[in-house]
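**Q** This is the structure, below, for whatever I ask next.
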Amino acid sequence: MKKILVTGSLGQIGSELTLRLRELYGEKNVLATDIRHVDGNPVVENGLFDTLDVLDGEKLQKLVNDYHIDTIIHLAALLSATAEKKPLLAWNLNMGGLVNALEVARNSNAQFFTPSSIGAFGLSTPKDNTPQDTIQRPNTMYGVTKVSAELLCDYYFAKFGVDTRGVRFPGLISYKTLPGGGTTDYAVDIYYEALKNKKYTSYIAQGTYMDMMYIPDAIDSIIKLMEADSLRLKHRNAFNITAMSFEPEEIAASIRKFIPEFTMDYQVDPVRQQIADSWPNSIDATAAKEEWDFNPRYDLDRMTKSMLENLAEKLDIPFGEPILV
């Protein structure tokens, strides 16, 4: 990667990825784009930025031409819970934006990355240690767009030779950006509430396991895959990756090692619970490990410690030493 364009750069992944890319490749070599302009945001203020609706393929092509872009990282999309509330918008944005970005990559001979998700699986997918290659019959619009995106990226590689790459992200947890409408957002919300109120009401039911990853590992995985030797990649797109799998009681127990008085109860959201029930309990990331040396650094307790320490500083809330690390 030399000249990089990021769509959806103000989202959860984009906000942190853009800043990391600028550290590695230089501020003048990373163009951040988003449909909105947020004054004061470091992504906007500390490097190249332009507003972009990814449904405007002509402007996307112009930006790639003007800035001599050789790598497109396409993140703009509606997430799972929001997509289920607005399915037509999700289809139009997630697929229309992707087609535009892939066409620009084809026209410009640019390397291309877009993320898939564990949402691409469904009720008929094996729930435990879900294989890299398996049946995918999602029952949500988000999942339908993700499976379609995986197939389309494979098509553009096979048909046109576009260097497409991607991962299936689990739930992502970050202290820097607020949740953006995903089913796994409870695993971010819970840390805020633990610090502010010492209690949390979970909209995901007890015993519901989902794969998760701390955002630093997610950012590292994108960069590592994009820098990987193309000849090693047998799958190229939609690599299973994960760092941990837990249910609400386990993340609560981890928080109690640092905040012993923390309590949690449940008020299950039927829409998000139905989505969560269609996803795997745990997935097999062997292909990613073998083909480009994927290796996450954070487990649940290490992530919890980092989240609470950084959120306490962000929210200006006193935070003491852990009971157990």
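Labels for the structure tokens follow display order: chains A, B, ..., residues from 1 in each chain, ligands from 1.
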Tell me which protein, DNA and RNA residues are within 9 Å of segment 86-92 of chain A, counting only C-alpha atoms, leaving out same-chain ones fewer than 2 positions away, and put them as an NGL selection string.
**A** :A and (55 or 77-79 or 81-84 or 94-97 or 140-142 or 144-145)
**Q** Kindly save the residues from that selection, with C-alpha atoms included, as a compact mmCIF listing (two decimals), in the first residue's frame.
**A**
# COMPACT_ATOMS: atom_id res chain seq x y z
CA LEU A 55 -23.28 5.75 -4.20
CA ALA A 77 -22.06 0.19 5.15
CA LEU A 78 -25.06 -0.11 7.43
CA LEU A 79 -24.50 -2.50 10.34
CA ALA A 81 -29.35 -3.97 13.71
CA THR A 82 -29.72 -0.75 11.70
CA ALA A 83 -29.87 -2.71 8.46
CA GLU A 84 -32.72 -4.84 9.78
CA ASN A 94 -24.08 -1.94 1.10
CA MET A 95 -24.30 -3.36 -2.43
CA GLY A 96 -24.46 -0.18 -4.50
CA GLY A 97 -21.48 1.32 -2.72
CA THR A 140 -31.01 -10.87 7.84
CA MET A 141 -30.55 -8.20 5.18
CA TYR A 142 -27.13 -7.41 6.64
CA VAL A 144 -27.50 -11.22 2.73
CA THR A 145 -25.43 -8.19 1.71
**Q** Near segment 234-247 of chain A, within 6 Å and counting only C-alpha atoms, which residues show up once chain neighbours fewer than 2 positions away are dropped, as a list of chain:residue names?
**A**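 Once the nearby chain positions are removed, what remains is A:Ser116, A:Gln132, A:Arg165, A:Gly166, A:Val167, A:Arg168, A:Gly207, A:Thr208, A:Tyr209, A:Met210, A:Asp211, A:Met212, A:Met213, A:Glu249, A:Glu250, A:Ser282, A:Ala285, A:Ala288, A:Pro296.
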**Q** When you look at Tyr186 of chain A with a cut-off of 8 Å (counting only C-alpha atoms), what residues show up, excluding the ones that are within fewer than 4 positions of it in the same chain? I need them as a ChimeraX atom specification.
**A** /A:190,202-204
**Q** Mind dumping the selected residues with N, CA and C atoms as a PDB file, in the first residue's frame?
**A**
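Output contents, as saved in selection26.pdb:
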ATOM      1  N   ILE A 190     -21.573  -2.140  27.700  1.00  0.00           N
ATOM      2  CA  ILE A 190     -21.446  -2.653  29.064  1.00  0.00           C
ATOM      3  C   ILE A 190     -20.282  -2.000  29.813  1.00  0.00           C
ATOM      4  N   SER A 202     -28.678  -5.955  29.813  1.00  0.00           N
ATOM      5  CA  SER A 202     -28.265  -6.531  28.533  1.00  0.00           C
ATOM      6  C   SER A 202     -29.468  -6.811  27.645  1.00  0.00           C
ATOM      7  N   TYR A 203     -29.371  -6.408  26.381  1.00  0.00           N
ATOM      8  CA  TYR A 203     -30.421  -6.737  25.417  1.00  0.00           C
ATOM      9  C   TYR A 203     -30.153  -8.071  24.721  1.00  0.00           C
ATOM     10  N   ILE A 204     -29.006  -8.692  25.040  1.00  0.00           N
ATOM     11  CA  ILE A 204     -28.670 -10.030  24.536  1.00  0.00           C
ATOM     12  C   ILE A 204     -28.833 -11.016  25.698  1.00  0.00           C
TER      13      ILE A 204
END
**Q** Name the closest residue to Ala312 of chain A among the candidates A:Gln274, A:Thr184, A:Pro170, A:Tyr175; distances are taken between atoms, counting only C-alpha atoms.
**A** A:Tyr175
**Q** With only C-alpha atoms as the counted atoms, please give the residues lying no more than 12 Å from Pro318 of chain A, apart from itself and same-chain residues fewer than 6 positions off, as a list in words.
**A**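 Once the adjacent positions are removed, what remains is Leu195, Lys196, Ile259, Leu308, Glu309, Asn310, Leu311 and Ala312 of chain A.
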**Q** From the options A:Leu63, A:Leu75, A:Gly143, A:Leu24, which residue's atoms come nearest to Gly11 of chain A, counting only C-alpha atoms?
**A**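 Ranked by minimum distance to Gly11 of chain A, first place goes to A:Leu75.
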**Q** With distances taken over only C-alpha atoms, which residue among A:Thr71, A:Ile219, A:Gln12, A:Ser124 lies nearest Asp185 of chain A?
**A**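 Among A:Thr71, A:Ile219, A:Gln12, A:Ser124, it is A:Gln12 that comes nearest to Asp185 of chain A.
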**Q** Restricting the calculation to only C-alpha atoms, which member of A:Lys176, A:His74, A:Arg137, A:Arg297 is positioned closest to Thr164 of chain A?
**A**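 Under the stated criterion, the closest residue is A:His74.
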**Q** As an NGL selection string, please: every residue in segment 226-307 of chain A that a backbone DSSP assignment puts in alpha helix (DSSP H).
**A** :A and (226-227 or 248-256 or 270-277 or 286-292 or 300-307)
